[in-house]
$ cat protein-v2.txt   # compact mmCIF, C-alpha atoms
# COMPACT_ATOMS: atom_id res chain seq x y z
CA MET K 1416 0.00 0.00 0.00
CA ASN K 1417 1.32 3.45 -0.94
CA THR K 1418 1.62 5.55 2.25
CA GLU K 1419 3.24 8.53 0.54
CA CYS K 1420 1.66 11.82 1.57
CA PRO K 1421 -0.48 13.17 -1.29
CA GLU K 1422 0.27 16.76 -0.25
CA CYS K 1423 4.08 16.68 -0.36
CA ARG K 1424 4.60 13.39 -2.24
CA GLY K 1425 7.20 12.30 0.28
CA THR K 1426 9.34 15.45 0.20
CA THR K 1427 7.99 16.74 3.58
CA TRP K 1428 7.74 20.24 2.03
CA ILE K 1429 4.80 22.04 0.42
CA ASN K 1430 4.40 25.38 -1.39
CA THR K 1431 1.78 27.72 0.00
CA ILE K 1432 0.77 31.37 0.12
CA VAL K 1433 1.40 33.38 3.31
CA ASN K 1434 0.37 37.05 3.41
CA GLY K 1435 0.10 37.08 -0.36
CA ARG K 1436 3.58 35.65 -0.92
CA LYS K 1437 4.70 32.19 -1.95
CA LYS K 1438 6.44 30.25 0.80
CA CYS K 1439 7.79 26.74 1.28
CA ILE K 1440 6.82 25.18 4.62
CA ARG K 1441 6.99 21.80 6.28
CA CYS K 1442 4.13 19.49 5.39
CA GLN K 1443 1.76 18.52 8.20
CA CYS K 1444 2.71 14.88 7.67
CA TYR K 1445 6.26 15.71 8.75
CA VAL K 1446 5.05 17.70 11.76
CA ASN K 1447 2.83 14.80 12.84
CA SER K 1448 5.63 12.25 12.43
CA GLN K 1449 7.92 14.41 14.55
CA LYS K 1450 5.32 14.55 17.31
CA GLU K 1451 4.89 10.77 17.20
CA ARG K 1452 8.66 10.33 17.46
CA LEU K 1453 8.88 12.73 20.40
CA LEU K 1454 5.98 11.02 22.23
CA LYS K 1455 7.59 7.61 21.79
CA ALA K 1456 10.96 8.90 23.02
CA ALA K 1457 9.35 10.55 26.08
CA ARG K 1458 8.86 7.17 27.81
CA ILE K 1459 5.45 8.06 29.25
CA PRO K 1460 4.20 5.08 31.33
CA ASP K 1461 1.20 3.28 29.82
CA ARG K 1462 -0.95 4.12 32.83
CA TYR K 1463 -0.52 7.84 32.17
CA THR K 1464 -0.71 8.04 28.38
CA GLY K 1465 -4.18 9.62 28.51
CA CYS K 1466 -3.24 12.28 31.06
CA SER K 1467 -3.45 15.91 30.03
CA ILE K 1468 -3.72 19.25 31.76
CA GLY K 1469 -7.24 19.59 30.42
CA ASN K 1470 -8.57 16.34 31.93
CA PHE K 1471 -7.04 16.85 35.38
CA GLU K 1472 -9.88 16.76 37.90
CA THR K 1473 -9.53 19.35 40.65
CA GLY K 1474 -12.74 18.29 42.42
CA GLY K 1475 -13.42 21.97 43.08
CA ASN K 1476 -10.37 22.18 45.36
CA PRO K 1477 -9.25 25.86 45.12
CA ILE K 1478 -5.61 24.89 45.70
CA LEU K 1479 -5.64 22.40 42.81
CA ILE K 1480 -7.48 24.91 40.59
CA LYS K 1481 -4.76 27.48 41.28
CA ILE K 1482 -2.03 24.89 40.64
CA THR K 1483 -3.61 23.92 37.31
CA ASP K 1484 -3.61 27.59 36.28
CA ARG K 1485 0.09 27.84 37.17
CA ILE K 1486 0.82 24.73 35.12
CA ARG K 1487 -0.98 26.24 32.12
CA GLN K 1488 1.09 29.41 32.46
CA PHE K 1489 4.25 27.32 32.64
CA VAL K 1490 3.59 25.51 29.36
CA GLU K 1491 2.26 28.56 27.53
CA PHE K 1492 5.38 30.61 28.31
CA PHE K 1493 7.84 27.70 28.07
CA PRO K 1494 10.84 27.96 28.15
CA GLY K 1495 10.24 31.26 29.96
CA ASP K 1496 12.92 31.97 32.55
CA ARG K 1497 14.20 28.38 32.13
CA LYS K 1498 13.22 27.46 35.68
CA GLY K 1499 11.61 24.07 36.21
CA LEU K 1500 9.03 22.95 38.74
CA LEU K 1501 9.28 21.09 42.04
CA LEU K 1502 5.88 19.47 42.67
CA MET K 1503 5.58 18.52 46.33
CA GLY K 1504 2.68 16.86 48.06
CA PRO K 1505 1.20 13.61 49.39
CA MET K 1506 0.55 10.57 47.24
CA GLY K 1507 -2.38 10.53 44.85
CA VAL K 1508 -3.01 14.27 44.45
CA GLY K 1509 -2.13 14.40 40.74
CA LYS K 1510 1.54 15.40 40.58
CA THR K 1511 2.41 12.73 38.00
CA HIS K 1512 -0.79 13.36 36.02
CA LEU K 1513 0.05 17.03 35.58
CA SER K 1514 3.71 16.30 34.82
CA VAL K 1515 2.68 14.03 31.96
CA GLY K 1516 0.12 16.63 30.90
CA ILE K 1517 2.98 19.12 30.58
CA ILE K 1518 4.87 16.67 28.35
CA HIS K 1519 1.84 16.16 26.10
CA TYR K 1520 1.29 19.90 25.74
CA LEU K 1521 4.92 20.74 24.98
CA ILE K 1522 5.24 17.99 22.38
CA GLU K 1523 1.91 18.71 20.71
CA ASP K 1524 2.16 22.49 20.78
CA LYS K 1525 5.90 23.23 20.67
CA ASN K 1526 7.70 20.09 19.47
CA VAL K 1527 9.82 20.04 22.64
CA SER K 1528 11.90 16.93 23.32
CA CYS K 1529 10.76 15.56 26.69
CA LEU K 1530 11.74 12.60 28.85
CA PHE K 1531 9.87 11.01 31.77
CA TYR K 1532 11.74 8.85 34.26
CA ASP K 1533 10.65 7.34 37.56
CA PHE K 1534 13.63 7.87 39.87
CA ARG K 1535 13.64 4.27 41.13
CA GLU K 1536 13.45 2.93 37.59
CA LEU K 1537 16.32 5.17 36.56
CA LEU K 1538 18.55 3.79 39.29
CA ASN K 1539 17.59 0.21 38.41
CA ASP K 1540 18.41 0.88 34.74
CA ILE K 1541 21.81 2.26 35.69
CA ARG K 1542 22.53 -0.68 37.99
CA SER K 1543 21.65 -3.09 35.19
CA THR K 1544 24.53 -1.71 33.11
CA TYR K 1545 26.98 -3.09 35.66
CA ASP K 1546 26.01 -6.63 34.65
CA ARG K 1547 28.78 -8.07 32.50
CA ASP K 1548 26.18 -9.25 29.95
CA SER K 1549 24.60 -5.79 29.59
CA GLN K 1550 24.63 -4.25 26.13
CA LEU K 1551 24.25 -0.75 27.61
CA THR K 1552 26.69 1.49 29.42
CA GLU K 1553 25.88 3.81 32.32
CA ARG K 1554 26.59 6.75 30.01
CA ALA K 1555 24.06 5.47 27.47
CA VAL K 1556 21.33 5.38 30.13
CA ILE K 1557 22.13 8.82 31.56
CA GLN K 1558 22.78 10.71 28.32
CA PRO K 1559 19.09 11.22 27.34
CA LEU K 1560 18.41 12.73 30.78
CA LEU K 1561 21.16 15.27 30.19
CA THR K 1562 20.08 16.41 26.74
CA ALA K 1563 16.25 16.38 26.85
CA GLU K 1564 14.80 19.89 26.61
CA LEU K 1565 12.46 18.93 29.45
CA LEU K 1566 13.16 16.19 31.99
CA VAL K 1567 10.49 14.91 34.39
CA LEU K 1568 12.05 13.03 37.31
CA ASP K 1569 9.19 11.36 39.16
CA GLU K 1570 9.12 10.20 42.80
CA LEU K 1571 12.37 11.79 43.91
CA GLY K 1572 13.34 10.54 47.36
CA ALA K 1573 11.60 7.20 46.93
CA GLU K 1574 14.96 5.41 46.76
CA LYS K 1575 16.92 5.18 50.00
CA THR K 1576 19.84 7.59 49.84
CA THR K 1577 23.36 6.22 49.41
CA HIS K 1578 26.55 7.97 48.31
CA TRP K 1579 26.12 6.37 44.89
CA VAL K 1580 22.53 7.63 44.55
CA LEU K 1581 23.58 11.14 45.57
CA ASP K 1582 26.47 11.10 43.08
CA VAL K 1583 24.17 10.06 40.21
CA LEU K 1584 21.55 12.64 41.07
CA MET K 1585 24.04 15.46 41.59
CA TYR K 1586 25.70 14.73 38.25
CA ILE K 1587 22.39 14.83 36.35
CA LEU K 1588 21.06 17.95 38.08
CA ASN K 1589 24.36 19.85 37.91
CA TYR K 1590 24.73 19.08 34.22
CA ARG K 1591 21.23 20.35 33.48
CA TYR K 1592 21.63 23.35 35.79
CA ASN K 1593 24.87 24.49 34.14
CA ARG K 1594 23.32 24.15 30.67
CA MET K 1595 19.98 25.66 31.72
CA GLY K 1596 18.06 22.44 31.09
CA ILE K 1597 14.49 22.64 32.39
CA THR K 1598 13.59 19.95 34.94
CA ILE K 1599 10.35 18.96 36.66
CA ILE K 1600 10.67 17.02 39.91
CA THR K 1601 7.84 15.31 41.78
CA THR K 1602 8.19 14.10 45.34
CA ASN K 1603 5.99 12.91 48.20
CA TYR K 1604 8.44 14.32 50.74
CA PRO K 1605 7.84 17.76 52.29
CA ASP K 1606 10.28 20.52 53.16
CA GLU K 1607 8.96 20.88 56.68
CA SER K 1608 9.80 18.44 59.46
CA GLY K 1609 7.06 16.49 61.22
CA ILE K 1610 4.71 13.77 60.07
CA HIS K 1611 3.40 14.46 56.60
CA LYS K 1612 -0.13 13.77 55.35
CA SER K 1613 1.26 10.68 53.63
CA GLY K 1614 2.57 9.40 56.95
CA LEU K 1615 6.15 10.35 56.05
CA ASP K 1616 8.26 11.70 58.89
CA GLU K 1617 11.29 12.65 56.75
CA THR K 1618 11.83 15.77 54.69
CA LEU K 1619 13.14 15.92 51.13
CA ALA K 1620 16.46 17.20 52.49
CA ASP K 1621 16.61 14.12 54.74
CA ARG K 1622 16.25 11.93 51.66
CA ILE K 1623 18.58 13.68 49.20
CA GLY K 1624 20.77 15.91 51.37
CA ILE K 1625 20.82 19.66 51.98
CA ARG K 1626 23.20 20.34 49.08
CA LEU K 1627 20.90 18.75 46.50
CA ARG K 1628 17.83 20.38 48.00
CA SER K 1629 19.58 23.73 47.67
CA ARG K 1630 20.34 23.00 44.01
CA LEU K 1631 16.64 22.25 43.37
CA HIS K 1632 15.75 25.59 44.97
CA GLU K 1633 17.90 27.30 42.33
CA MET K 1634 16.52 25.20 39.46
CA CYS K 1635 12.81 24.98 40.21
CA GLN K 1636 9.76 26.86 41.42
CA LYS K 1637 8.11 24.96 44.25
CA ILE K 1638 4.43 24.08 43.89
CA LEU K 1639 2.84 22.60 47.00
CA PHE K 1640 -0.09 20.23 46.46
CA GLU K 1641 -2.77 19.80 49.06
CA GLY K 1642 -5.84 17.68 48.67
CA GLU K 1643 -7.37 14.25 49.07
CA ASP K 1644 -5.97 11.17 47.38
CA TYR K 1645 -6.97 11.58 43.73
CA ARG K 1646 -6.60 7.91 42.81
CA MET K 1647 -8.39 6.64 45.93
CA ASN K 1648 -11.32 8.99 45.34
CA ARG K 1649 -11.65 7.85 41.73
CA ARG K 1650 -11.62 4.17 42.78
CA ALA K 1651 -14.23 4.86 45.45
CA GLU K 1652 -16.35 6.78 42.97
CA ALA K 1653 -16.16 3.92 40.45
CA PHE K 1654 -17.00 1.40 43.19
CA HIS K 1655 -20.09 3.27 44.35
CA LYS K 1656 -21.15 3.92 40.76
CA GLY K 1657 -21.00 0.17 40.12
CA ILE K 1658 -23.11 -0.54 43.19
CA ARG K 1659 -25.71 2.04 42.15
CA SER K 1660 -25.82 0.58 38.66
CA ARG K 1661 -26.36 -2.98 39.98
CA LEU K 1662 -29.10 -1.81 42.37
CA LYS K 1663 -30.85 0.02 39.55
CA ARG K 1664 -30.80 -3.07 37.33
CA ARG K 1665 -32.22 -5.19 40.17
CA SER K 1666 -35.03 -2.71 40.79
CA GLU K 1667 -35.89 -2.70 37.09
CA ASP K 1668 -35.97 -6.51 37.03
$ encode --input "protein-v2.txt" --output "structure tokens"
Amino acid sequence: MNTECPECRGTTWINTIVNGRKKCIRCQCYVNSQKERLLKAARIPDRYTGCSIGNFETGGNPILIKITDRIRQFVEFFPGDRKGLLLMGPMGVGKTHLSVGIIHYLIEDKNVSCLFYDFRELLNDIRSTYDRDSQLTERAVIQPLLTAELLVLDELGAEKTTHWVLDVLMYILNYRYNRMGITIITTNYPDESGIHKSGLDETLADRIGIRLRSRLHEMCQKILFEGEDYRMNRRAEAFHKGIRSRLKRRSED
């Protein structure tokens, strides 16, 4: 089957008229293929592929409404001042959802190269390169995190801190900081001491060290999430909806 674009006939360029003048521009088929390539390279987890800023449910929570507005401003003015975001808050409030929503927007609207990595998965991928049978090197795993225009590092602090973990993280963040790479970090750990809403009694600085926390302060604007567990509420809603549906069918029978 011939899949050649009928508009550009495979050249990826088309002639058009802009403001009364002839101009050669990229064909939409090329633009779409670039977006598909960027989405594939972004490594968005299957569970979050449908997440966008537009379908994030705030539940009427004024804090989440305000946060969503700030996220929209971030993507609209990207790269802006080249500062990233540090999304802090308890589990299930939508930090990962909005991070993936940012990736979708920037790829679809601005053709920005983005990369999503769960911090624990990153460390496991790096460790796997130490296996003598591995076809990858540590450099090959880390390189995409250094060069992506936008890096989302999810669940920072989830891995127990060791000198090796701190060295890996400091290298990645320092590299991006020095080259003004824009980074989004999500974490369940707070800045304040005391038991957190998630039941965590450690701060982010406890998990990654004061030096790294200071670096994030320079790189990112902090956005503090507050709200009920987003995922738990959706599961409860689906559960009760199922019960109501079954009761209705019984009453109709």
$ closest_residue --input "protein-v2.txt" --among "K:Val1583, K:His1578, K:Ala1620, K:His1519" --to "Glu1553 (chain K)" --atoms "only C-alpha atoms"
K:Val1583
$ closest_residue --input "protein-v2.txt" --among "K:Met1503, K:Asp1533, K:Asn1526, K:Arg1441" --to "Leu1619 (chain K)" --atoms "all atoms listed in the file"
K:Met1503
$ atom_distance --input "protein-v2.txt" --atom1 "CA of Asp1484 (chain K)" --atom2 "CA of Phe1640 (chain K)"
13.0 Å
$ atom_distance --input "protein-v2.txt" --atom1 "CA of Asn1603 (chain K)" --atom2 "CA of Gln1558 (chain K)"
26.1 Å
$ atom_distance --input "protein-v2.txt" --atom1 "CA of Lys1438 (chain K)" --atom2 "CA of Glu1523 (chain K)"
23.5 Å
$ closest_residue --input "protein-v2.txt" --among "K:Arg1485, K:Arg1462, K:Arg1554, K:Arg1542" --to "Thr1511 (chain K)" --atoms "all atoms listed in the file"
K:Arg1462
$ closest_residue --input "protein-v2.txt" --among "K:Cys1439, K:Cys1444, K:Leu1538, K:Leu1502" --to "Thr1418 (chain K)" --atoms "only C-alpha atoms"
K:Cys1444
